[in-house]
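upload09.cif (mmCIF, C-alpha atoms)
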```
data_start
#
loop_
_atom_site.group_PDB
_atom_site.id
_atom_site.type_symbol
_atom_site.label_atom_id
_atom_site.label_comp_id
_atom_site.auth_asym_id
_atom_site.auth_seq_id
_atom_site.Cartn_x
_atom_site.Cartn_y
_atom_site.Cartn_z
ATOM 1 C CA MET A 1 -178.536 -118.848 52.711
ATOM 2 C CA LEU A 2 -177.914 -116.529 55.581
ATOM 3 C CA PHE A 3 -174.304 -115.584 54.878
ATOM 4 C CA HIS A 4 -175.292 -112.792 52.460
ATOM 5 C CA GLN A 5 -175.353 -109.304 53.868
ATOM 6 C CA THR A 6 -178.304 -106.996 53.667
ATOM 7 C CA LEU A 7 -177.847 -103.541 52.250
ATOM 8 C CA PRO A 8 -176.610 -100.995 54.771
ATOM 9 C CA LYS A 9 -179.309 -99.391 56.894
ATOM 10 C CA PRO A 10 -180.050 -95.828 55.850
ATOM 11 C CA ASN A 11 -178.519 -93.128 57.983
ATOM 12 C CA PRO A 12 -181.093 -90.383 58.682
ATOM 13 C CA SER A 13 -178.540 -87.724 57.826
ATOM 14 C CA LYS A 14 -177.287 -89.487 54.697
ATOM 15 C CA ALA A 15 -179.312 -90.977 51.830
ATOM 16 C CA PRO A 16 -178.431 -94.553 50.779
ATOM 17 C CA PRO A 17 -176.806 -94.949 47.371
ATOM 18 C CA ALA A 18 -179.164 -95.507 44.458
ATOM 19 C CA PHE A 19 -176.569 -97.653 42.667
ATOM 20 C CA TYR A 20 -173.768 -99.968 43.750
ATOM 21 C CA ARG A 21 -170.562 -100.441 41.771
ATOM 22 C CA LEU A 22 -169.002 -103.875 41.194
ATOM 23 C CA HIS A 23 -166.640 -103.660 44.171
ATOM 24 C CA ASP A 24 -169.578 -103.043 46.521
ATOM 25 C CA VAL A 25 -171.680 -105.768 44.878
ATOM 26 C CA MET A 26 -168.861 -108.273 45.376
ATOM 27 C CA ARG A 27 -168.545 -107.274 49.042
ATOM 28 C CA ILE A 28 -172.302 -107.398 49.700
ATOM 29 C CA SER A 29 -172.964 -110.648 47.828
ATOM 30 C CA SER A 30 -169.724 -112.466 48.751
ATOM 31 C CA LEU A 31 -169.421 -113.467 45.081
ATOM 32 C CA SER A 32 -166.387 -113.083 42.845
ATOM 33 C CA ARG A 33 -166.409 -110.875 39.762
ATOM 34 C CA SER A 34 -166.617 -113.842 37.392
ATOM 35 C CA THR A 35 -169.449 -115.433 39.386
ATOM 36 C CA VAL A 36 -171.436 -112.183 39.375
ATOM 37 C CA TYR A 37 -171.186 -111.855 35.591
ATOM 38 C CA ARG A 38 -171.837 -115.567 34.998
ATOM 39 C CA ARG A 39 -175.016 -115.395 37.070
ATOM 40 C CA VAL A 40 -176.062 -112.209 35.253
ATOM 41 C CA SER A 41 -175.751 -114.046 31.924
ATOM 42 C CA GLU A 42 -177.783 -116.957 33.355
ATOM 43 C CA GLY A 43 -180.483 -114.588 34.655
ATOM 44 C CA ARG A 44 -179.764 -115.561 38.275
ATOM 45 C CA PHE A 45 -178.409 -112.152 39.358
ATOM 46 C CA PRO A 46 -179.570 -108.614 38.563
ATOM 47 C CA ALA A 47 -177.985 -107.079 35.484
ATOM 48 C CA PRO A 48 -176.053 -103.826 35.835
ATOM 49 C CA VAL A 49 -177.302 -100.639 34.189
ATOM 50 C CA ARG A 50 -175.196 -98.207 32.189
ATOM 51 C CA LEU A 51 -174.496 -94.932 33.952
ATOM 52 C CA GLY A 52 -172.654 -93.408 31.015
ATOM 53 C CA GLY A 53 -169.497 -94.149 29.108
ATOM 54 C CA ARG A 54 -168.027 -97.366 30.460
ATOM 55 C CA ALA A 55 -169.542 -96.967 33.933
ATOM 56 C CA THR A 56 -172.088 -99.558 35.072
ATOM 57 C CA ALA A 57 -173.723 -100.171 38.438
ATOM 58 C CA TRP A 58 -176.472 -102.212 40.060
ATOM 59 C CA PRO A 59 -179.697 -100.520 41.229
ATOM 60 C CA SER A 60 -180.122 -100.942 44.969
ATOM 61 C CA ALA A 61 -183.704 -102.236 44.595
ATOM 62 C CA ALA A 62 -182.623 -105.006 42.189
ATOM 63 C CA LEU A 63 -179.751 -105.969 44.453
ATOM 64 C CA GLN A 64 -182.083 -106.089 47.472
ATOM 65 C CA ALA A 65 -184.464 -108.387 45.544
ATOM 66 C CA TRP A 66 -181.573 -110.808 45.011
ATOM 67 C CA ILE A 67 -180.507 -110.553 48.669
ATOM 68 C CA ASP A 68 -184.053 -111.379 49.806
ATOM 69 C CA ASP A 69 -184.098 -114.637 47.792
ATOM 70 C CA PRO A 70 -180.725 -115.505 46.206
ATOM 71 C CA ASP A 71 -181.652 -119.073 45.266
ATOM 72 C CA GLY A 72 -185.054 -118.199 43.820
ATOM 73 C CA TYR A 73 -184.057 -114.981 42.048
ATOM 74 C CA ARG A 74 -184.730 -114.854 38.315
ATOM 75 C CA SER A 75 -184.071 -111.753 36.255
ATOM 76 C CA PRO A 76 -187.357 -110.180 35.085
ATOM 77 C CA THR A 77 -185.782 -109.311 31.717
ATOM 78 C CA PRO A 78 -183.002 -111.030 29.808
ATOM 79 C CA PRO A 79 -179.596 -109.378 30.199
ATOM 80 C CA PRO A 80 -178.412 -107.191 27.301
#
```

So, in terms of structure tokens, how does the structure I just supplied come out?
Amino acid sequence: MLFHQTLPKPNPSKAPPAFYRLHDVMRISSLSRSTVYRRVSEGRFPAPVRLGGRATAWPSAALQAWIDDPDGYRSPTPPP
């Protein structure tokens, strides 16, 4: 599927983010909030990591792995 965006290209003067919050993940993947979490529970989308308190985010490397092969992606570990 070619409608998914790739992560933004790094700007030499600015480092790319290490983590993406849900709003950014929804924009990049073109998936709704409920679809993101449903696929996480099915192991078909990377699981978010806890940043502290109630804050969670997706590592950019895991998100890029899904972008590279959205149909074939399988989570390496079961979601928590």

- [ ] Give the answer as one residue: which of A:Pro48, A:Ala18, A:Arg39, A:Pro59 has the shortest atom-to-atom distance to Asp71 in chain A, using only C-alpha atoms?
- [x] A:Arg39

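Evaluated against this file, the PyMOL selection byres ((chain A and resi 24-37) around 8) yields His4, Gln5, Thr6, Leu7, Tyr20, Arg21, Leu22, His23, Arg38, Arg39, Val40, Ser41, Phe45, Trp58 and Ile67 of chain A.
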
Open item on the list: So, with only C-alpha atoms as the atoms that count, which of A:Phe19, A:Glu42, A:Gly52, A:Lys14 lies closest to Pro76 in chain A?
Closed with: A:Glu42

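For the pair CA of Leu63 in chain A and CA of Pro16 in chain A, the separation is 13.1 Å.
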
Open item on the list: So the first atom is CA of Arg44 in chain A and the second is CA of Pro17 in chain A; what is the distance between them in Å, to one decimal place?
Closed with: 22.7 Å

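Between CA of Ala47 in chain A and CA of Ser75 in chain A the separation is 7.7 Å.
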